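Asker: To be precise about what I am sending: the file is called upload_16.cif and holds mmCIF, C-alpha atoms and all ligand atoms.
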```
data_input
#
loop_
_atom_site.label_atom_id
_atom_site.label_comp_id
_atom_site.auth_asym_id
_atom_site.auth_seq_id
_atom_site.Cartn_x
_atom_site.Cartn_y
_atom_site.Cartn_z
CA MET A 1 0.00 0.00 0.00
CA SER A 2 1.27 3.51 -0.76
CA LEU A 3 1.97 6.05 1.96
CA GLU A 4 -1.08 8.01 0.84
CA SER A 5 -3.50 5.08 0.90
CA GLU A 6 -2.18 3.93 4.30
CA LEU A 7 -2.73 7.42 5.71
CA ILE A 8 -6.23 7.63 4.18
CA ALA A 9 -7.09 4.28 5.75
CA TRP A 10 -5.94 5.57 9.17
CA LEU A 11 -7.87 8.85 8.72
CA GLN A 12 -11.05 6.99 7.73
CA GLU A 13 -10.81 5.04 11.00
CA ASN A 14 -9.83 7.91 13.23
CA LEU A 15 -11.31 11.22 12.00
CA PRO A 16 -14.64 11.96 13.66
CA THR A 17 -17.43 12.74 11.20
CA GLY A 18 -19.58 15.88 11.43
CA PRO A 19 -23.36 16.19 11.42
CA ARG A 20 -23.36 18.12 8.13
CA LEU A 21 -20.72 16.04 6.38
CA ASP A 22 -22.57 13.82 3.87
CA ILE A 23 -19.54 12.44 2.06
CA GLY A 24 -16.09 12.57 3.59
CA LEU A 25 -12.76 10.97 2.69
CA GLY A 26 -12.64 8.61 -0.25
CA ASP A 27 -14.37 10.54 -3.04
CA ASP A 28 -13.17 13.29 -5.40
CA ALA A 29 -14.43 15.96 -2.98
CA ALA A 30 -16.34 16.26 0.29
CA VAL A 31 -20.05 17.13 0.38
CA PHE A 32 -21.72 19.17 3.14
CA SER A 33 -25.41 19.86 3.67
CA GLY A 34 -26.35 23.52 3.82
CA GLU A 35 -29.30 25.09 5.55
CA GLY A 36 -31.52 24.62 2.52
CA SER A 37 -31.48 21.85 -0.06
CA GLY A 38 -28.14 22.83 -1.64
CA LYS A 39 -24.90 21.10 -0.75
CA GLN A 40 -21.39 22.49 -0.61
CA VAL A 41 -18.63 20.50 -2.27
CA VAL A 42 -15.05 21.06 -1.13
CA THR A 43 -11.77 19.72 -2.47
CA THR A 44 -8.09 20.46 -2.02
CA ASP A 45 -4.93 19.56 -3.90
CA LEU A 46 -1.30 20.09 -3.05
CA LEU A 47 1.30 20.33 -5.82
CA THR A 48 5.01 20.29 -5.08
CA ASP A 49 8.07 21.06 -7.17
CA GLU A 50 9.86 17.84 -8.24
CA VAL A 51 6.79 15.70 -7.51
CA ASP A 52 4.09 17.27 -9.71
CA PHE A 53 6.23 19.46 -11.97
CA LEU A 54 9.86 20.50 -12.49
CA ILE A 55 10.08 24.19 -11.82
CA ASP A 56 12.98 24.80 -14.23
CA GLU A 57 11.14 23.14 -17.12
CA VAL A 58 7.78 24.92 -16.90
CA GLN A 59 6.46 28.45 -16.65
CA PRO A 60 4.92 29.63 -13.34
CA GLU A 61 1.71 30.34 -15.29
CA GLN A 62 1.49 26.67 -16.28
CA ILE A 63 1.84 25.59 -12.65
CA GLY A 64 -0.87 28.03 -11.55
CA HIS A 65 -3.20 26.82 -14.28
CA LYS A 66 -2.61 23.19 -13.35
CA ALA A 67 -3.03 23.77 -9.60
CA LEU A 68 -6.46 25.32 -10.09
CA GLY A 69 -7.37 22.98 -12.95
CA VAL A 70 -6.93 19.79 -10.92
CA ASN A 71 -9.23 21.17 -8.22
CA LEU A 72 -11.89 22.12 -10.77
CA SER A 73 -11.55 18.63 -12.25
CA ASP A 74 -12.44 17.17 -8.84
CA LEU A 75 -15.47 19.45 -8.61
CA ALA A 76 -16.44 18.30 -12.13
CA ALA A 77 -16.14 14.67 -10.98
CA MET A 78 -18.81 15.48 -8.36
CA ALA A 79 -20.95 17.34 -10.95
CA ALA A 80 -20.62 20.46 -8.79
CA ARG A 81 -20.64 24.05 -10.04
CA PRO A 82 -17.42 25.83 -8.95
CA VAL A 83 -17.82 28.87 -6.69
CA ALA A 84 -14.53 29.92 -5.08
CA ALA A 85 -10.94 28.92 -4.45
CA PHE A 86 -8.35 29.63 -1.76
CA VAL A 87 -4.69 29.59 -2.68
CA SER A 88 -1.85 28.79 -0.27
CA LEU A 89 1.73 29.15 -1.44
CA VAL A 90 5.03 28.18 0.12
CA LEU A 91 7.58 30.01 -2.03
CA PRO A 92 11.29 29.29 -2.28
CA ARG A 93 12.71 32.39 -0.54
CA LYS A 94 15.35 32.98 -3.22
CA GLY A 95 13.02 32.32 -6.15
CA THR A 96 14.07 30.03 -8.98
CA ALA A 97 16.91 30.02 -11.52
CA SER A 98 14.89 32.34 -13.78
CA CYS A 99 12.72 34.47 -11.49
CA ALA A 100 12.50 36.08 -8.06
CA ALA A 101 10.04 34.78 -5.46
CA LEU A 102 7.54 37.61 -6.06
CA ASP A 103 7.61 37.14 -9.85
CA LEU A 104 7.10 33.43 -9.32
CA ALA A 105 4.05 34.09 -7.12
CA ILE A 106 2.57 36.58 -9.59
CA GLY A 107 3.19 34.15 -12.44
CA LEU A 108 1.30 31.45 -10.56
CA TYR A 109 -1.71 33.75 -10.13
CA GLN A 110 -1.51 34.85 -13.77
CA GLY A 111 -1.89 31.20 -14.68
CA MET A 112 -4.91 30.76 -12.44
CA LEU A 113 -6.86 33.90 -13.28
CA PRO A 114 -7.93 33.12 -16.87
CA LEU A 115 -9.15 29.67 -15.79
CA ALA A 116 -10.95 31.16 -12.78
CA GLU A 117 -12.68 33.64 -15.08
CA ARG A 118 -13.73 30.96 -17.57
CA PHE A 119 -15.31 28.85 -14.84
CA ASP A 120 -16.71 31.70 -12.73
CA VAL A 121 -14.50 30.94 -9.75
CA THR A 122 -13.72 33.69 -7.27
CA ILE A 123 -10.23 33.49 -5.82
CA ALA A 124 -11.36 34.44 -2.35
CA GLY A 125 -8.22 34.28 -0.27
CA GLY A 126 -5.36 32.12 0.87
CA ASP A 127 -1.99 32.37 2.54
CA THR A 128 1.59 32.91 1.41
CA ASN A 129 4.77 31.87 3.12
CA SER A 130 8.40 31.42 2.10
CA TRP A 131 11.18 29.08 3.15
CA ASP A 132 14.48 27.59 2.00
CA GLY A 133 12.74 24.58 0.45
CA ARG A 134 10.98 24.07 -2.89
CA LEU A 135 7.73 25.56 -4.16
CA ALA A 136 4.51 24.05 -2.85
CA ILE A 137 1.08 25.27 -3.92
CA CYS A 138 -2.13 24.16 -2.29
CA ILE A 139 -5.53 25.18 -3.62
CA THR A 140 -8.82 24.49 -1.89
CA ALA A 141 -11.83 24.91 -4.15
CA PHE A 142 -15.46 24.81 -3.29
CA GLY A 143 -18.55 24.47 -5.35
CA GLU A 144 -22.21 23.65 -4.99
CA THR A 145 -24.42 20.89 -6.24
CA THR A 146 -27.24 21.54 -8.67
CA ASP A 147 -30.81 20.24 -8.30
CA CYS A 148 -29.52 17.00 -9.83
CA GLY A 149 -27.37 16.35 -6.75
CA PRO A 150 -23.73 15.33 -6.39
CA LEU A 151 -22.25 12.55 -8.49
CA VAL A 152 -20.39 10.21 -6.15
CA ARG A 153 -18.07 7.25 -6.72
CA SER A 154 -20.17 4.84 -4.72
CA GLY A 155 -23.40 4.99 -6.75
CA GLY A 156 -22.43 2.45 -9.43
CA GLN A 157 -24.58 -0.66 -10.02
CA ALA A 158 -23.67 -4.00 -11.57
CA GLY A 159 -24.30 -3.82 -15.32
CA ASP A 160 -23.71 -0.07 -15.50
CA GLN A 161 -21.79 0.93 -18.60
CA LEU A 162 -18.55 2.86 -18.14
CA LEU A 163 -18.27 5.95 -20.34
CA VAL A 164 -15.28 8.24 -20.62
CA THR A 165 -14.92 11.78 -21.99
CA GLY A 166 -12.16 12.80 -24.40
CA GLN A 167 -9.05 10.82 -25.22
CA LEU A 168 -6.54 9.10 -23.00
CA GLY A 169 -2.80 8.56 -22.59
CA GLY A 170 0.44 10.45 -23.11
CA SER A 171 -0.52 13.46 -20.96
CA ILE A 172 3.15 13.96 -20.07
CA LEU A 173 3.65 15.41 -23.57
CA GLY A 174 1.70 18.50 -22.49
CA ARG A 175 -1.88 17.85 -21.42
CA HIS A 176 -0.86 17.20 -17.81
CA LEU A 177 -0.13 20.93 -17.55
CA GLN A 178 -2.95 22.18 -19.79
CA VAL A 179 -5.65 20.67 -17.58
CA GLU A 180 -9.06 21.24 -19.16
CA PRO A 181 -11.51 20.55 -16.33
CA ARG A 182 -14.70 18.88 -17.63
CA VAL A 183 -17.01 21.01 -15.50
CA HIS A 184 -19.54 21.96 -18.18
CA GLU A 185 -19.59 18.42 -19.54
CA ALA A 186 -20.34 16.93 -16.10
CA LEU A 187 -23.07 19.48 -15.35
CA LEU A 188 -24.73 18.92 -18.73
CA LEU A 189 -24.67 15.13 -18.49
CA ASN A 190 -25.87 15.14 -14.88
CA GLU A 191 -28.75 17.40 -15.82
CA ARG A 192 -29.91 15.56 -18.93
CA TYR A 193 -29.22 11.92 -18.12
CA GLU A 194 -29.37 9.47 -15.25
CA LEU A 195 -25.79 9.00 -14.06
CA HIS A 196 -24.98 6.62 -11.21
CA ALA A 197 -21.34 7.40 -10.40
CA GLY A 198 -18.35 9.42 -11.57
CA ILE A 199 -14.65 10.03 -11.00
CA ASP A 200 -11.96 12.05 -12.76
CA ILE A 201 -8.82 10.44 -14.16
CA SER A 202 -5.96 11.86 -12.17
CA ASP A 203 -3.85 8.78 -11.54
CA GLY A 204 -4.68 6.57 -14.55
CA LEU A 205 -7.73 4.97 -16.19
CA ALA A 206 -7.06 1.53 -14.65
CA LEU A 207 -6.46 2.82 -11.12
CA ASP A 208 -9.30 5.35 -11.12
CA THR A 209 -11.76 2.84 -12.64
CA SER A 210 -10.89 0.38 -9.89
CA ARG A 211 -11.43 3.12 -7.29
CA LEU A 212 -14.91 3.85 -8.64
CA ALA A 213 -15.75 0.13 -8.80
CA MET A 214 -14.47 -0.54 -5.27
CA ALA A 215 -16.35 2.46 -3.84
CA SER A 216 -19.51 0.97 -5.41
CA GLY A 217 -18.72 -2.48 -3.95
CA LEU A 218 -18.26 -3.92 -7.46
CA GLY A 219 -15.67 -4.97 -10.02
CA ALA A 220 -15.09 -3.57 -13.50
CA THR A 221 -14.18 -4.80 -16.96
CA LEU A 222 -12.39 -2.53 -19.42
CA ASN A 223 -12.79 -3.27 -23.11
CA LEU A 224 -9.27 -2.47 -24.30
CA PRO A 225 -9.94 -2.16 -28.08
CA ALA A 226 -12.59 0.49 -27.29
CA LEU A 227 -10.31 2.87 -25.38
CA PRO A 228 -10.17 6.32 -27.02
CA LEU A 229 -6.43 6.81 -27.56
CA SER A 230 -4.89 10.26 -27.81
CA ASP A 231 -2.31 11.12 -30.46
CA ALA A 232 0.10 11.69 -27.57
CA ALA A 233 -0.34 8.06 -26.46
CA SER A 234 0.70 6.87 -29.93
CA LYS A 235 3.56 9.34 -30.11
CA LEU A 236 4.87 8.24 -26.72
CA SER A 237 4.62 4.56 -27.63
CA GLU A 238 6.95 5.15 -30.57
CA LYS A 239 9.57 6.25 -28.06
CA ASP A 240 9.20 3.46 -25.51
CA ALA A 241 8.27 -0.19 -25.51
CA ARG A 242 4.74 0.40 -24.21
CA SER A 243 1.66 0.29 -26.44
CA PRO A 244 -0.74 3.24 -26.74
CA ILE A 245 -3.31 1.16 -24.81
CA GLU A 246 -0.87 0.75 -21.91
CA HIS A 247 -0.34 4.50 -21.92
CA ALA A 248 -4.09 5.10 -21.90
CA LEU A 249 -4.51 2.69 -18.98
CA SER A 250 -1.82 4.00 -16.69
CA ASP A 251 -0.31 7.36 -17.65
CA GLY A 252 -2.78 9.39 -15.59
CA GLU A 253 -3.33 13.16 -15.48
CA ASP A 254 -5.79 12.96 -18.37
CA PHE A 255 -8.34 14.81 -16.22
CA GLU A 256 -11.13 13.26 -18.23
CA LEU A 257 -14.22 11.87 -16.48
CA ILE A 258 -15.41 8.28 -16.10
CA PHE A 259 -19.15 7.77 -15.58
CA ALA A 260 -21.09 4.69 -14.57
CA VAL A 261 -24.43 4.85 -16.38
CA PRO A 262 -27.40 2.43 -16.70
CA ASP A 263 -27.25 0.50 -19.99
CA ASP A 264 -30.16 2.19 -21.83
CA GLU A 265 -29.04 5.64 -20.66
CA ALA A 266 -25.52 4.92 -21.94
CA THR A 267 -27.00 4.05 -25.34
CA ARG A 268 -28.86 7.38 -25.36
CA ILE A 269 -25.75 9.36 -24.45
CA LEU A 270 -23.66 7.61 -27.11
CA ARG A 271 -26.33 8.22 -29.73
CA ASP A 272 -26.82 11.88 -28.73
CA GLN A 273 -23.08 12.67 -28.27
CA PRO A 274 -24.19 15.84 -26.44
CA LEU A 275 -20.70 17.14 -25.67
CA GLU A 276 -18.20 19.06 -27.78
CA ILE A 277 -15.73 16.27 -27.05
CA PRO A 278 -16.33 12.58 -27.76
CA ILE A 279 -17.77 10.29 -25.12
CA THR A 280 -16.94 6.61 -25.44
CA ARG A 281 -18.15 3.33 -23.90
CA ILE A 282 -15.10 1.61 -22.43
CA GLY A 283 -16.45 -1.16 -20.22
CA GLU A 284 -18.88 -2.02 -17.45
CA LEU A 285 -19.29 -2.54 -13.73
CA THR A 286 -19.57 -6.17 -12.71
CA GLN A 287 -20.77 -8.19 -9.74
CA GLN A 288 -17.48 -10.09 -10.00
CA PRO A 289 -14.94 -8.10 -7.93
CA GLY A 290 -11.58 -6.93 -9.26
CA LEU A 291 -10.45 -5.20 -12.41
CA TRP A 292 -10.59 -7.12 -15.71
CA GLN A 293 -9.49 -6.47 -19.27
CA GLN A 294 -11.31 -7.74 -22.32
CA ASP A 295 -9.58 -8.11 -25.68
CA ALA A 296 -11.00 -7.99 -29.22
CA THR A 297 -12.07 -11.67 -29.02
CA GLY A 298 -14.03 -11.01 -25.81
CA LYS A 299 -11.57 -12.98 -23.69
CA GLN A 300 -11.10 -11.66 -20.16
CA LYS A 301 -8.12 -11.64 -17.85
CA PRO A 302 -7.14 -9.71 -14.71
CA LEU A 303 -5.84 -6.16 -15.16
CA GLN A 304 -3.45 -4.58 -12.67
CA PRO A 305 -4.95 -1.29 -11.40
CA GLN A 306 -1.68 0.49 -12.09
CA GLY A 307 -1.17 4.22 -12.25
CA PHE A 308 0.41 7.01 -10.31
CA GLU A 309 -0.03 6.85 -6.54
CA HIS A 310 1.12 9.93 -4.67
CA GLY A 311 3.32 9.35 -1.67
CA GLY A 312 4.44 5.85 -2.58
CA GLN A 313 5.20 3.31 -5.23
CA ALA A 314 2.44 2.69 -7.74
MG MG B 1 -10.20 13.08 -8.34
#
```
Have the structure of the file written as structure tokens, please.
Ligand SMILES: [Mg+2]

Answerer:
Amino acid sequence: MSLESELIAWLQENLPTGPRLDIGLGDDAAVFSGEGSGKQVVTTDLLTDEVDFLIDEVQPEQIGHKALGVNLSDLAAMAARPVAAFVSLVLPRKGTASCAALDLAIGLYQGMLPLAERFDVTIAGGDTNSWDGRLAICITAFGETTDCGPLVRSGGQAGDQLLVTGQLGGSILGRHLQVEPRVHEALLLNERYELHAGIDISDGLALDTSRLAMASGLGATLNLPALPLSDAASKLSEKDARSPIEHALSDGEDFELIFAVPDDEATRILRDQPLEIPITRIGELTQQPGLWQQDATGKQKPLQPQGFEHGGQA
């Protein structure tokens, strides 16, 4: 088990729950009940130099964009409308090789602001500190559910079809920085169709699918020939020994959404194709536990839920 999953297991045992906390640890974001019927959805993500990016190889604006983008992607995974974000920075006191600490901080915000404007997010506060270590940026974003309610990981049912937005694999060639949170897509689908469960792909299709299936108390089969492969997945596979499908399964940071949808509703969505990006059927939730892969002949075998696990070996 990774450091992160061991800590989460301890926290799930030991953190007291609150009367207004509907969904706590273990989903893409937490859900609180408000005074009325609306619910607040809160998520936080911490990015650190050398773990999530290499500060000398990217622009501060790209880091700022990514830091906010990953939070909005988690709100999208809950089908929540973003409202506000709080930004906490720990800056390297002496700046970086190419810019002073203040310029670095301003660059980070200049990366966040256009994304915040596009998604109607108010940057409402935060905290800034400096030290002799590397840059860390933590954003906490909150949103609210619509009348259609939050989309949680645990709502999947056996026989649900698994749909995915966009294309997968090879994000390291650029998309991992240019996060395009699927907020509008999630809100539209949640409003027009019956969705049972959802998750965003941060750590890899295989790993995040298994997380959704496990949260629903089920297993999942992925139909490998059906996976929507990005050009970057093919490009990357020319450089290494791994196939585009392997890249799509485990690269992570696609920030696309996986939905578990009843069979007839999945057929409607696929026929309508209501989004500006493709939506593809990639598998289904099964009574049989575990993660399974199906090849072109329909043969099934176990699939390792591999991907990127923060704080430990994947
Ligand atoms: Mg997530």

Asker: Which neighbours of segment 219-233 of chain A fall inside 6 Å, counting only C-alpha atoms, when residues of the same chain fewer than 5 positions from it are skipped, and could you give them as a PDB file with C-alpha atoms, in the frame of the given file?

Answerer:
```pdb
ATOM      1  CA  GLN A 167      -9.050  10.820 -25.220  1.00  0.00           C
ATOM      2  CA  LEU A 168      -6.540   9.100 -23.000  1.00  0.00           C
ATOM      3  CA  GLY A 169      -2.800   8.560 -22.590  1.00  0.00           C
ATOM      4  CA  GLY A 170       0.440  10.450 -23.110  1.00  0.00           C
ATOM      5  CA  ALA A 213     -15.750   0.130  -8.800  1.00  0.00           C
ATOM      6  CA  PRO A 244      -0.740   3.240 -26.740  1.00  0.00           C
ATOM      7  CA  HIS A 247      -0.340   4.500 -21.920  1.00  0.00           C
ATOM      8  CA  ILE A 282     -15.100   1.610 -22.430  1.00  0.00           C
ATOM      9  CA  GLY A 283     -16.450  -1.160 -20.220  1.00  0.00           C
ATOM     10  CA  GLU A 284     -18.880  -2.020 -17.450  1.00  0.00           C
ATOM     11  CA  LEU A 285     -19.290  -2.540 -13.730  1.00  0.00           C
ATOM     12  CA  THR A 286     -19.570  -6.170 -12.710  1.00  0.00           C
ATOM     13  CA  GLN A 288     -17.480 -10.090 -10.000  1.00  0.00           C
ATOM     14  CA  PRO A 289     -14.940  -8.100  -7.930  1.00  0.00           C
ATOM     15  CA  GLY A 290     -11.580  -6.930  -9.260  1.00  0.00           C
ATOM     16  CA  LEU A 291     -10.450  -5.200 -12.410  1.00  0.00           C
ATOM     17  CA  TRP A 292     -10.590  -7.120 -15.710  1.00  0.00           C
ATOM     18  CA  GLN A 293      -9.490  -6.470 -19.270  1.00  0.00           C
ATOM     19  CA  GLN A 294     -11.310  -7.740 -22.320  1.00  0.00           C
ATOM     20  CA  ASP A 295      -9.580  -8.110 -25.680  1.00  0.00           C
TER      21      ASP A 295
END
```

Asker: Could the residues of chain A that have an atom at most 12 Å from ligand MG 1 (chain B) be listed as a tab-separated table, each with its closest atom pair and the distance in Å to one decimal, counting only C-alpha atoms and all ligand atoms and ordered by chain and ascending residue number?

Answerer:
```
residue	atom	partner	partner_atom	distance
A:Leu25	CA	B:MG1	MG	11.5
A:Gly26	CA	B:MG1	MG	9.6
A:Asp27	CA	B:MG1	MG	7.2
A:Asp28	CA	B:MG1	MG	4.2
A:Ala29	CA	B:MG1	MG	7.4
A:Ala30	CA	B:MG1	MG	11.1
A:Val42	CA	B:MG1	MG	11.8
A:Thr43	CA	B:MG1	MG	9.0
A:Thr44	CA	B:MG1	MG	9.9
A:Asp45	CA	B:MG1	MG	9.5
A:Gly69	CA	B:MG1	MG	11.3
A:Val70	CA	B:MG1	MG	7.9
A:Asn71	CA	B:MG1	MG	8.1
A:Leu72	CA	B:MG1	MG	9.5
A:Ser73	CA	B:MG1	MG	6.9
A:Asp74	CA	B:MG1	MG	4.7
A:Leu75	CA	B:MG1	MG	8.3
A:Ala76	CA	B:MG1	MG	9.0
A:Ala77	CA	B:MG1	MG	6.7
A:Met78	CA	B:MG1	MG	8.9
A:Ala79	CA	B:MG1	MG	11.9
A:Val152	CA	B:MG1	MG	10.8
A:Arg153	CA	B:MG1	MG	9.9
A:Pro181	CA	B:MG1	MG	11.0
A:Arg182	CA	B:MG1	MG	11.8
A:Gly198	CA	B:MG1	MG	9.5
A:Ile199	CA	B:MG1	MG	6.0
A:Asp200	CA	B:MG1	MG	4.9
A:Ile201	CA	B:MG1	MG	6.5
A:Ser202	CA	B:MG1	MG	5.8
A:Asp203	CA	B:MG1	MG	8.3
A:Gly204	CA	B:MG1	MG	10.6
A:Leu205	CA	B:MG1	MG	11.6
A:Leu207	CA	B:MG1	MG	11.3
A:Asp208	CA	B:MG1	MG	8.3
A:Thr209	CA	B:MG1	MG	11.2
A:Arg211	CA	B:MG1	MG	10.1
A:Leu212	CA	B:MG1	MG	10.4
A:Gly252	CA	B:MG1	MG	11.0
A:Glu253	CA	B:MG1	MG	9.9
A:Asp254	CA	B:MG1	MG	11.0
A:Phe255	CA	B:MG1	MG	8.3
A:Glu256	CA	B:MG1	MG	9.9
A:Leu257	CA	B:MG1	MG	9.2
A:Ile258	CA	B:MG1	MG	10.5
```

Asker: Measure the distance from atom CA of Gly143 of chain A to atom CA of Leu113 of chain A in Å and round it to one decimal.

Answerer: 17.0 Å

Asker: Quick one: pull the distance between atom CA of Ala85 of chain A and atom CA of Leu275 of chain A, Å, one decimal.

Answerer: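 Spanning atom CA of Ala85 of chain A to atom CA of Leu275 of chain A is a straight-line distance of 26.2 Å.
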
Asker: Work out how far apart atom CA of Glu246 of chain A and atom CA of Leu303 of chain A are and give it in Å to one decimal.

Answerer: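 About the pair atom CA of Glu246 of chain A and atom CA of Leu303 of chain A: they are 10.9 Å apart.
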